[in-house]
file upload.pdb (PDB, C-alpha atoms)
ATOM      1  CA  MET H   1      11.939 -15.541  17.158
ATOM      2  CA  ILE H   2      10.567 -12.008  16.812
ATOM      3  CA  ARG H   3       7.234 -11.573  18.562
ATOM      4  CA  PRO H   4       4.397 -10.493  16.236
ATOM      5  CA  ARG H   5       3.554  -6.808  16.555
ATOM      6  CA  VAL H   6       0.519  -5.560  18.492
ATOM      7  CA  ILE H   7      -0.466  -2.091  17.310
ATOM      8  CA  PRO H   8      -2.948   0.456  18.693
ATOM      9  CA  CYS H   9      -4.802   1.989  15.737
ATOM     10  CA  LEU H  10      -6.077   5.469  16.588
ATOM     11  CA  LEU H  11      -8.485   7.638  14.603
ATOM     12  CA  LEU H  12      -8.009  11.375  14.163
ATOM     13  CA  GLN H  13     -10.973  13.701  13.667
ATOM     14  CA  ASP H  14     -10.878  17.476  14.098
ATOM     15  CA  LYS H  15      -7.499  17.261  15.880
ATOM     16  CA  GLY H  16      -8.888  14.875  18.507
ATOM     17  CA  LEU H  17      -8.930  11.106  18.776
ATOM     18  CA  VAL H  18     -12.173   9.186  18.281
ATOM     19  CA  LYS H  19     -13.323   5.583  17.978
ATOM     20  CA  THR H  20     -16.005   4.340  15.613
ATOM     21  CA  VAL H  21     -18.302   1.346  15.297
ATOM     22  CA  LYS H  22     -18.552   0.015  11.741
ATOM     23  CA  PHE H  23     -16.928   3.284  10.623
ATOM     24  CA  LYS H  24     -19.830   5.306  12.119
ATOM     25  CA  ASP H  25     -20.756   7.136  15.329
ATOM     26  CA  PRO H  26     -17.301   8.405  16.374
ATOM     27  CA  LYS H  27     -16.854   8.709  20.151
ATOM     28  CA  TYR H  28     -14.389  11.301  21.416
ATOM     29  CA  LEU H  29     -11.438   9.853  23.329
ATOM     30  CA  GLY H  30      -9.198  12.806  24.056
ATOM     31  CA  ASP H  31      -6.163  14.778  23.000
ATOM     32  CA  PRO H  32      -3.842  12.738  20.761
ATOM     33  CA  ILE H  33      -0.639  13.934  22.409
ATOM     34  CA  ASN H  34      -1.826  12.964  25.884
ATOM     35  CA  ILE H  35      -2.800   9.512  24.634
ATOM     36  CA  VAL H  36       0.540   9.088  22.841
ATOM     37  CA  ARG H  37       2.315   9.870  26.117
ATOM     38  CA  ILE H  38       0.335   7.130  27.861
ATOM     39  CA  PHE H  39       1.272   4.632  25.154
ATOM     40  CA  ASN H  40       4.912   5.725  25.493
ATOM     41  CA  ASP H  41       4.824   4.688  29.126
ATOM     42  CA  LYS H  42       3.298   1.340  28.173
ATOM     43  CA  GLU H  43       6.075   0.697  25.628
ATOM     44  CA  VAL H  44       3.814  -0.332  22.760
ATOM     45  CA  ASP H  45       5.317  -1.894  19.622
ATOM     46  CA  GLU H  46       4.197   0.879  17.284
ATOM     47  CA  LEU H  47       1.259   3.215  16.679
ATOM     48  CA  VAL H  48      -1.002   3.866  13.713
ATOM     49  CA  PHE H  49      -2.877   7.156  13.277
ATOM     50  CA  LEU H  50      -5.595   7.380  10.644
ATOM     51  CA  ASP H  51      -7.266  10.723   9.887
ATOM     52  CA  ILE H  52     -10.783   9.574   9.018
ATOM     53  CA  THR H  53     -12.002  12.868   7.515
ATOM     54  CA  ALA H  54      -9.013  14.163   5.522
ATOM     55  CA  THR H  55      -9.856  12.342   2.285
ATOM     56  CA  VAL H  56     -13.605  12.936   2.608
ATOM     57  CA  GLU H  57     -12.966  16.653   3.126
ATOM     58  CA  ALA H  58     -10.404  16.713   0.282
ATOM     59  CA  ARG H  59      -7.703  18.212   2.485
ATOM     60  CA  PRO H  60      -4.085  17.252   3.103
ATOM     61  CA  PRO H  61      -2.753  15.754   6.329
ATOM     62  CA  SER H  62      -2.619  18.087   9.344
ATOM     63  CA  PHE H  63       1.158  18.420   9.187
ATOM     64  CA  ASP H  64       1.530  20.781  12.161
ATOM     65  CA  LEU H  65      -0.483  18.499  14.431
ATOM     66  CA  LEU H  66       1.406  15.444  13.203
ATOM     67  CA  LYS H  67       4.742  17.162  13.811
ATOM     68  CA  ASN H  68       3.699  17.802  17.418
ATOM     69  CA  ILE H  69       2.598  14.180  17.763
ATOM     70  CA  THR H  70       5.827  12.737  16.369
ATOM     71  CA  SER H  71       7.865  14.939  18.712
ATOM     72  CA  GLU H  72       6.161  13.172  21.637
ATOM     73  CA  CYS H  73       6.026   9.664  20.173
ATOM     74  CA  PHE H  74       8.818   7.312  21.221
ATOM     75  CA  MET H  75       7.764   4.351  19.087
ATOM     76  CA  PRO H  76       7.413   3.848  15.305
ATOM     77  CA  LEU H  77       4.417   5.787  14.001
ATOM     78  CA  GLY H  78       2.410   5.138  10.848
ATOM     79  CA  TYR H  79       0.003   7.704   9.432
ATOM     80  CA  GLY H  80      -2.770   7.593   6.839
ATOM     81  CA  GLY H  81      -5.369  10.070   5.632
ATOM     82  CA  GLY H  82      -5.395  12.646   2.836
ATOM     83  CA  ILE H  83      -2.103  11.510   1.294
ATOM     84  CA  ARG H  84      -2.427  12.312  -2.398
ATOM     85  CA  SER H  85       1.029  13.182  -3.692
ATOM     86  CA  MET H  86       4.720  12.524  -3.326
ATOM     87  CA  GLU H  87       5.034  15.942  -1.706
ATOM     88  CA  ASP H  88       2.720  14.700   1.052
ATOM     89  CA  VAL H  89       4.821  11.555   1.404
ATOM     90  CA  ARG H  90       8.073  13.513   1.642
ATOM     91  CA  ARG H  91       6.662  15.961   4.198
ATOM     92  CA  LEU H  92       5.311  13.166   6.399
ATOM     93  CA  LEU H  93       8.592  11.277   6.396
ATOM     94  CA  GLY H  94      10.420  14.542   7.020
ATOM     95  CA  ILE H  95       8.513  15.251  10.247
ATOM     96  CA  GLY H  96       9.164  11.805  11.662
ATOM     97  CA  ILE H  97       6.379   9.559  10.359
ATOM     98  CA  GLU H  98       8.022   6.168   9.782
ATOM     99  CA  LYS H  99       5.295   4.598   7.649
ATOM    100  CA  VAL H 100       2.949   6.327   5.222
ATOM    101  CA  ILE H 101      -0.372   4.518   4.908
ATOM    102  CA  LEU H 102      -2.178   4.805   1.585
ATOM    103  CA  ASN H 103      -5.838   3.850   1.242
ATOM    104  CA  THR H 104      -7.956   5.765  -1.269
ATOM    105  CA  SER H 105      -4.841   6.762  -3.235
ATOM    106  CA  ALA H 106      -3.910   3.100  -3.622
ATOM    107  CA  VAL H 107      -7.228   2.627  -5.437
ATOM    108  CA  GLU H 108      -7.499   5.876  -7.385
ATOM    109  CA  ALA H 109      -3.804   6.580  -8.058
ATOM    110  CA  PRO H 110      -1.875   3.323  -7.552
ATOM    111  CA  GLN H 111       1.244   4.794  -9.124
ATOM    112  CA  LEU H 112       1.689   6.724  -5.873
ATOM    113  CA  VAL H 113       2.324   3.414  -4.094
ATOM    114  CA  HIS H 114       5.100   2.609  -6.546
ATOM    115  CA  SER H 115       6.614   6.093  -6.383
ATOM    116  CA  ALA H 116       6.528   6.197  -2.588
ATOM    117  CA  ALA H 117       8.141   2.754  -2.348
ATOM    118  CA  ASN H 118      10.875   3.781  -4.763
ATOM    119  CA  TYR H 119      11.513   6.935  -2.765
ATOM    120  CA  ALA H 120      11.357   5.618   0.794
ATOM    121  CA  GLY H 121      11.666   1.854   0.449
ATOM    122  CA  GLY H 122       8.855  -0.643   0.692
ATOM    123  CA  SER H 123       9.144  -0.954   4.477
ATOM    124  CA  SER H 124       7.973   2.664   4.807
ATOM    125  CA  VAL H 125       4.885   2.205   2.614
ATOM    126  CA  VAL H 126       1.725   0.515   3.879
ATOM    127  CA  VAL H 127      -1.492   0.078   1.936
ATOM    128  CA  SER H 128      -4.656  -0.010   4.025
ATOM    129  CA  MET H 129      -7.708  -1.839   2.692
ATOM    130  CA  ASP H 130     -11.155  -1.244   4.207
ATOM    131  CA  VAL H 131     -13.206  -4.336   3.401
ATOM    132  CA  LYS H 132     -16.873  -5.177   3.731
ATOM    133  CA  LYS H 133     -19.035  -8.145   2.755
ATOM    134  CA  ASN H 134     -21.915  -7.566   0.364
ATOM    135  CA  MET H 135     -25.309  -9.246   0.653
ATOM    136  CA  PHE H 136     -23.976 -12.261  -1.225
ATOM    137  CA  GLY H 137     -21.088 -12.736   1.210
ATOM    138  CA  LYS H 138     -18.441 -11.496  -1.215
ATOM    139  CA  TYR H 139     -15.668  -9.261   0.090
ATOM    140  CA  GLU H 140     -15.220  -5.841  -1.499
ATOM    141  CA  ILE H 141     -12.832  -2.962  -0.864
ATOM    142  CA  TYR H 142     -14.327   0.408   0.023
ATOM    143  CA  SER H 143     -12.498   3.723  -0.310
ATOM    144  CA  ARG H 144     -13.018   7.300   0.897
ATOM    145  CA  GLY H 145     -13.417   6.448   4.535
ATOM    146  CA  GLY H 146     -15.425   3.302   3.865
ATOM    147  CA  LYS H 147     -18.085   5.233   1.961
ATOM    148  CA  LYS H 148     -17.404   4.324  -1.667
ATOM    149  CA  LYS H 149     -17.635   0.896  -3.270
ATOM    150  CA  THR H 150     -14.685   0.120  -5.503
ATOM    151  CA  GLY H 151     -15.685  -3.251  -6.939
ATOM    152  CA  LEU H 152     -12.199  -4.517  -6.065
ATOM    153  CA  ASP H 153     -11.561  -7.959  -4.615
ATOM    154  CA  PRO H 154      -9.163  -7.689  -1.645
ATOM    155  CA  VAL H 155      -7.040 -10.718  -2.562
ATOM    156  CA  LYS H 156      -6.535  -9.555  -6.146
ATOM    157  CA  GLN H 157      -5.804  -6.037  -4.914
ATOM    158  CA  ALA H 158      -3.294  -7.358  -2.384
ATOM    159  CA  LEU H 159      -1.355  -9.033  -5.176
ATOM    160  CA  GLU H 160      -1.305  -5.770  -7.148
ATOM    161  CA  ILE H 161      -0.195  -3.828  -4.103
ATOM    162  CA  GLU H 162       2.686  -6.226  -3.599
ATOM    163  CA  LYS H 163       3.751  -5.791  -7.229
ATOM    164  CA  LEU H 164       3.710  -2.000  -6.794
ATOM    165  CA  GLY H 165       6.279  -2.291  -4.021
ATOM    166  CA  ALA H 166       4.325  -1.735  -0.819
ATOM    167  CA  GLY H 167       5.970  -3.408   2.148
ATOM    168  CA  GLU H 168       2.884  -4.100   4.219
ATOM    169  CA  ILE H 169      -0.903  -4.356   4.051
ATOM    170  CA  LEU H 170      -3.280  -3.248   6.804
ATOM    171  CA  VAL H 171      -6.624  -5.044   6.423
ATOM    172  CA  ASN H 172      -9.558  -3.469   8.237
ATOM    173  CA  SER H 173     -12.973  -5.142   8.425
ATOM    174  CA  ILE H 174     -15.720  -2.513   8.278
ATOM    175  CA  ASP H 175     -18.270  -5.086   9.438
ATOM    176  CA  ARG H 176     -16.316  -5.786  12.640
ATOM    177  CA  ASP H 177     -14.942  -2.333  13.425
ATOM    178  CA  GLY H 178     -15.521  -1.461  17.080
ATOM    179  CA  LEU H 179     -17.588  -4.544  17.926
ATOM    180  CA  MET H 180     -14.802  -6.239  19.933
ATOM    181  CA  ARG H 181     -16.031  -9.735  18.963
ATOM    182  CA  GLY H 182     -12.960 -10.884  17.069
ATOM    183  CA  TYR H 183     -11.358 -10.405  13.669
ATOM    184  CA  ASP H 184     -12.675 -11.682  10.353
ATOM    185  CA  LEU H 185     -10.136 -14.491  10.261
ATOM    186  CA  ASP H 186     -11.197 -15.794   6.835
ATOM    187  CA  LEU H 187     -10.583 -12.365   5.306
ATOM    188  CA  ILE H 188      -7.199 -11.965   6.986
ATOM    189  CA  ARG H 189      -6.035 -15.485   6.154
ATOM    190  CA  ASN H 190      -7.099 -15.266   2.501
ATOM    191  CA  ILE H 191      -5.039 -12.138   2.026
ATOM    192  CA  ALA H 192      -2.062 -13.197   4.152
ATOM    193  CA  ASP H 193      -1.765 -16.505   2.314
ATOM    194  CA  SER H 194      -1.816 -14.795  -1.093
ATOM    195  CA  VAL H 195       1.140 -12.419  -0.632
ATOM    196  CA  ASN H 196       4.706 -12.503   0.639
ATOM    197  CA  ILE H 197       4.610  -9.183   2.488
ATOM    198  CA  PRO H 198       3.394  -8.679   6.078
ATOM    199  CA  VAL H 199      -0.348  -8.397   6.636
ATOM    200  CA  VAL H 200      -1.688  -6.664   9.748
ATOM    201  CA  ALA H 201      -5.206  -7.519  10.923
ATOM    202  CA  CYS H 202      -7.521  -4.754  12.095
ATOM    203  CA  GLY H 203     -11.185  -4.492  13.043
ATOM    204  CA  GLY H 204     -12.857  -6.438  15.824
ATOM    205  CA  ALA H 205     -10.336  -7.229  18.557
ATOM    206  CA  GLY H 206     -11.763  -7.231  22.069
ATOM    207  CA  ASN H 207      -9.248  -9.236  24.070
ATOM    208  CA  ILE H 208      -5.769 -10.681  23.934
ATOM    209  CA  LYS H 209      -7.003 -14.014  22.605
ATOM    210  CA  HIS H 210      -8.384 -12.246  19.535
ATOM    211  CA  LEU H 211      -4.899 -10.864  18.909
ATOM    212  CA  ALA H 212      -3.450 -14.357  19.114
ATOM    213  CA  ASP H 213      -6.161 -15.692  16.782
ATOM    214  CA  ALA H 214      -5.200 -13.136  14.136
ATOM    215  CA  ILE H 215      -1.601 -14.359  14.244
ATOM    216  CA  LYS H 216      -2.142 -18.090  14.613
ATOM    217  CA  LEU H 217      -5.382 -18.663  12.699
ATOM    218  CA  GLY H 218      -5.402 -15.641  10.406
ATOM    219  CA  HIS H 219      -1.690 -15.953   9.564
ATOM    220  CA  ALA H 220      -1.235 -12.211  10.118
ATOM    221  CA  SER H 221       2.175 -10.727  10.870
ATOM    222  CA  GLY H 222       0.682  -8.268  13.334
ATOM    223  CA  ALA H 223      -2.578  -7.340  15.016
ATOM    224  CA  ALA H 224      -3.953  -3.810  15.250
ATOM    225  CA  ALA H 225      -6.850  -2.720  17.434
ATOM    226  CA  GLY H 226      -8.606   0.400  18.652
ATOM    227  CA  SER H 227     -11.464  -0.233  21.064
ATOM    228  CA  MET H 228      -9.569  -2.897  22.970
ATOM    229  CA  PHE H 229      -6.898  -0.374  23.944
ATOM    230  CA  VAL H 230      -9.108   2.640  24.703
ATOM    231  CA  PHE H 231     -12.328   1.319  26.287
ATOM    232  CA  GLN H 232     -13.040  -0.434  29.560
ATOM    233  CA  GLY H 233     -16.205  -2.284  30.616
ATOM    234  CA  PRO H 234     -19.699  -2.656  29.129
ATOM    235  CA  PHE H 235     -20.318   1.105  29.045
ATOM    236  CA  ARG H 236     -17.142   1.726  27.045
ATOM    237  CA  ALA H 237     -15.551   4.117  29.522
ATOM    238  CA  VAL H 238     -12.367   5.618  28.099
ATOM    239  CA  LEU H 239      -9.299   3.997  29.663
ATOM    240  CA  ILE H 240      -6.031   3.617  27.768
ATOM    241  CA  SER H 241      -4.488   0.176  28.200
ATOM    242  CA  TYR H 242      -2.037  -2.239  26.586
ATOM    243  CA  PRO H 243      -1.215  -5.859  27.472
ATOM    244  CA  ALA H 244       1.801  -6.531  29.663
ATOM    245  CA  PRO H 245       4.875  -7.702  27.709
ATOM    246  CA  GLN H 246       4.922 -11.063  29.440
ATOM    247  CA  ASP H 247       1.269 -11.685  28.580
ATOM    248  CA  LEU H 248       1.854 -10.883  24.920
ATOM    249  CA  LYS H 249       4.943 -13.053  24.787
ATOM    250  CA  ARG H 250       3.213 -16.011  26.378
ATOM    251  CA  LEU H 251       0.066 -15.896  24.258
ATOM    252  CA  LEU H 252       1.534 -14.936  20.896
ATOM    253  CA  GLU H 253       4.591 -17.168  20.970
ATOM    254  CA  GLU H 254       3.351 -20.321  22.696
TER     255      GLU H 254
END
call {"tool": "encode", "arguments": {"input": "upload.pdb", "output": "structure tokens"}}
result
Amino acid sequence: MIRPRVIPCLLLQDKGLVKTVKFKDPKYLGDPINIVRIFNDKEVDELVFLDITATVEARPPSFDLLKNITSECFMPLGYGGGIRSMEDVRRLLGIGIEKVILNTSAVEAPQLVHSAANYAGGSSVVVSMDVKKNMFGKYEIYSRGGKKKTGLDPVKQALEIEKLGAGEILVNSIDRDGLMRGYDLDLIRNIADSVNIPVVACGGAGNIKHLADAIKLGHASGAAAGSMFVFQGPFRAVLISYPAPQDLKRLLEE
């Protein structure tokens, strides 16, 4: 049996790494290359980098920075942020990004999902959905860095994404981002049970049990987290960590 993936999800802003709470108040963590080197030593399953200002600032990915990052990264790396064209997709894959992650483009130009999947194969195309509950408790997808309501239901959108050829869905709960109190398991499970492609949970993990809950109770294929891997203690001191392989194996496969 293949162990479910556990994925650090790191946020790029102004060429540095930050961590947010509910998509707000970014806290600086450090230089991305230094942090990648630490994760190399810890032999993580894969990494996800999301540039949280590229789309909002209407600029393309920082290709030079990403090329430097991929040259130091010894595990599979996914990247999202500012991807608006097939030229962006080709350039990212060409510099060593293994998975392109589409978010706003999947809402505003869904044909890009189909074109990217046809070009690179579905396993190289991930669609990220940032989801928030409204005052009536209904889930809704937000785009443009979690700032714009789309009116889209995440389960219905997941089915469309699957039809377009994406090979994976990354589901991020805006309401739980950075709180470290656990994933929105209902949200993850509803989406995971509706599609036949892998769903990765993100938003809210604070300990290894939360990771296991996403897999066992949320039916996710993988669990991504940020704060859990970069903060230590009640004052959120920056300390890069990752569970020991034997701990992950025991908890996720038992």
call {"tool": "residues_around", "arguments": {"input": "upload.pdb", "residues": "region 101-106 of chain H", "least_positions_apart": "3", "cutoff": "9 Å", "atoms": "only C-alpha atoms", "output": "PyMOL selection string"}}
result
chain H and resi 48+50+55+78-85+109-113+124-130+142-145+161+169-170
call {"tool": "resolve_selection", "arguments": {"input": "upload.pdb", "expression": "the PyMOL selection byres ((chain H and resi 192-203) around 9)", "output": "ChimeraX atom specification"}}
result
/H:5,7,9,22,155-156,158-159,162,166-180,182-185,187-191,204-205,211,214-215,218-226
call {"tool": "atom_distance", "arguments": {"input": "upload.pdb", "atom1": "CA of Lys138 (chain H)", "atom2": "CA of His210 (chain H)"}}
result
23.1 Å
call {"tool": "resolve_selection", "arguments": {"input": "upload.pdb", "expression": "the PyMOL selection byres ((chain H and resi 229) around 10)", "output": "PyMOL selection string"}}
result
chain H and resi 7-10+39+205-207+224-228+230-232+238-243
call {"tool": "closest_residue", "arguments": {"input": "upload.pdb", "among": "H:Gly165, H:Leu77, H:Ile95, H:Lys19", "to": "Ala120 (chain H)", "atoms": "only C-alpha atoms"}}
result
H:Gly165
call {"tool": "decode", "arguments": {"input": "upload.pdb", "residues": "region 163-174 of chain H", "atoms": "all heavy atoms", "output": "mmCIF file, in the first residue's frame"}}
result
data_model
loop_
_atom_site.group_PDB
_atom_site.id
_atom_site.type_symbol
_atom_site.label_atom_id
_atom_site.label_comp_id
_atom_site.auth_asym_id
_atom_site.auth_seq_id
_atom_site.Cartn_x
_atom_site.Cartn_y
_atom_site.Cartn_z
ATOM 1 N N LYS H 163 -13.789 16.601 -15.518
ATOM 2 C CA LYS H 163 -14.119 16.455 -16.932
ATOM 3 C C LYS H 163 -13.099 17.152 -17.829
ATOM 4 O O LYS H 163 -12.805 16.703 -18.938
ATOM 5 C CB LYS H 163 -15.516 17.027 -17.211
ATOM 6 C CG LYS H 163 -16.662 16.205 -16.636
ATOM 7 C CD LYS H 163 -17.992 16.885 -16.929
ATOM 8 C CE LYS H 163 -19.155 16.153 -16.283
ATOM 9 N NZ LYS H 163 -20.442 16.863 -16.508
ATOM 10 N N LEU H 164 -12.548 18.269 -17.343
ATOM 11 C CA LEU H 164 -11.573 19.035 -18.126
ATOM 12 C C LEU H 164 -10.219 18.347 -18.206
ATOM 13 O O LEU H 164 -9.374 18.734 -19.011
ATOM 14 C CB LEU H 164 -11.410 20.439 -17.536
ATOM 15 C CG LEU H 164 -12.600 21.385 -17.727
ATOM 16 C CD1 LEU H 164 -12.434 22.625 -16.862
ATOM 17 C CD2 LEU H 164 -12.748 21.771 -19.199
ATOM 18 N N GLY H 165 -9.996 17.353 -17.351
ATOM 19 C CA GLY H 165 -8.767 16.575 -17.451
ATOM 20 C C GLY H 165 -7.749 16.791 -16.356
ATOM 21 O O GLY H 165 -6.664 16.192 -16.399
ATOM 22 N N ALA H 166 -8.058 17.638 -15.373
ATOM 23 C CA ALA H 166 -7.126 17.817 -14.267
ATOM 24 C C ALA H 166 -6.925 16.502 -13.525
ATOM 25 O O ALA H 166 -7.859 15.709 -13.387
ATOM 26 C CB ALA H 166 -7.640 18.888 -13.304
ATOM 27 N N GLY H 167 -5.710 16.282 -13.033
ATOM 28 C CA GLY H 167 -5.419 15.022 -12.374
ATOM 29 C C GLY H 167 -5.508 15.060 -10.874
ATOM 30 O O GLY H 167 -5.384 14.016 -10.218
ATOM 31 N N GLU H 168 -5.760 16.259 -10.318
ATOM 32 C CA GLU H 168 -5.777 16.381 -8.866
ATOM 33 C C GLU H 168 -6.461 17.682 -8.474
ATOM 34 O O GLU H 168 -6.436 18.665 -9.234
ATOM 35 C CB GLU H 168 -4.348 16.346 -8.331
ATOM 36 C CG GLU H 168 -4.199 16.341 -6.831
ATOM 37 C CD GLU H 168 -2.753 16.055 -6.430
ATOM 38 O OE1 GLU H 168 -2.291 14.913 -6.673
ATOM 39 O OE2 GLU H 168 -2.089 16.969 -5.915
ATOM 40 N N ILE H 169 -7.056 17.692 -7.291
ATOM 41 C CA ILE H 169 -7.686 18.897 -6.754
ATOM 42 C C ILE H 169 -7.096 19.187 -5.377
ATOM 43 O O ILE H 169 -7.020 18.296 -4.524
ATOM 44 C CB ILE H 169 -9.215 18.738 -6.647
ATOM 45 C CG1 ILE H 169 -9.827 18.472 -8.020
ATOM 46 C CG2 ILE H 169 -9.848 19.986 -6.017
ATOM 47 C CD1 ILE H 169 -11.316 18.138 -7.977
ATOM 48 N N LEU H 170 -6.671 20.421 -5.179
ATOM 49 C CA LEU H 170 -6.200 20.892 -3.877
ATOM 50 C C LEU H 170 -7.298 21.772 -3.285
ATOM 51 O O LEU H 170 -7.643 22.801 -3.855
ATOM 52 C CB LEU H 170 -4.908 21.688 -4.043
ATOM 53 C CG LEU H 170 -4.332 22.368 -2.794
ATOM 54 C CD1 LEU H 170 -3.854 21.322 -1.789
ATOM 55 C CD2 LEU H 170 -3.187 23.302 -3.174
ATOM 56 N N VAL H 171 -7.857 21.350 -2.162
ATOM 57 C CA VAL H 171 -8.981 22.067 -1.547
ATOM 58 C C VAL H 171 -8.489 22.789 -0.304
ATOM 59 O O VAL H 171 -8.026 22.169 0.656
ATOM 60 C CB VAL H 171 -10.119 21.094 -1.165
ATOM 61 C CG1 VAL H 171 -11.286 21.873 -0.589
ATOM 62 C CG2 VAL H 171 -10.556 20.287 -2.375
ATOM 63 N N ASN H 172 -8.585 24.113 -0.331
ATOM 64 C CA ASN H 172 -8.089 24.928 0.776
ATOM 65 C C ASN H 172 -9.249 25.653 1.444
ATOM 66 O O ASN H 172 -9.989 26.389 0.792
ATOM 67 C CB ASN H 172 -7.064 25.934 0.258
ATOM 68 C CG ASN H 172 -6.195 26.498 1.367
ATOM 69 O OD1 ASN H 172 -6.413 26.217 2.552
ATOM 70 N ND2 ASN H 172 -5.217 27.292 0.990
ATOM 71 N N SER H 173 -9.402 25.467 2.738
ATOM 72 C CA SER H 173 -10.445 26.146 3.507
ATOM 73 C C SER H 173 -9.945 27.508 3.972
ATOM 74 O O SER H 173 -9.017 27.583 4.790
ATOM 75 C CB SER H 173 -10.858 25.303 4.714
ATOM 76 O OG SER H 173 -11.669 26.055 5.583
ATOM 77 N N ILE H 174 -10.534 28.568 3.449
ATOM 78 C CA ILE H 174 -10.160 29.921 3.884
ATOM 79 C C ILE H 174 -10.474 30.107 5.361
ATOM 80 O O ILE H 174 -9.697 30.708 6.109
ATOM 81 C CB ILE H 174 -10.900 30.973 3.033
ATOM 82 C CG1 ILE H 174 -10.504 30.860 1.560
ATOM 83 C CG2 ILE H 174 -10.624 32.387 3.554
ATOM 84 C CD1 ILE H 174 -11.293 31.760 0.631
#
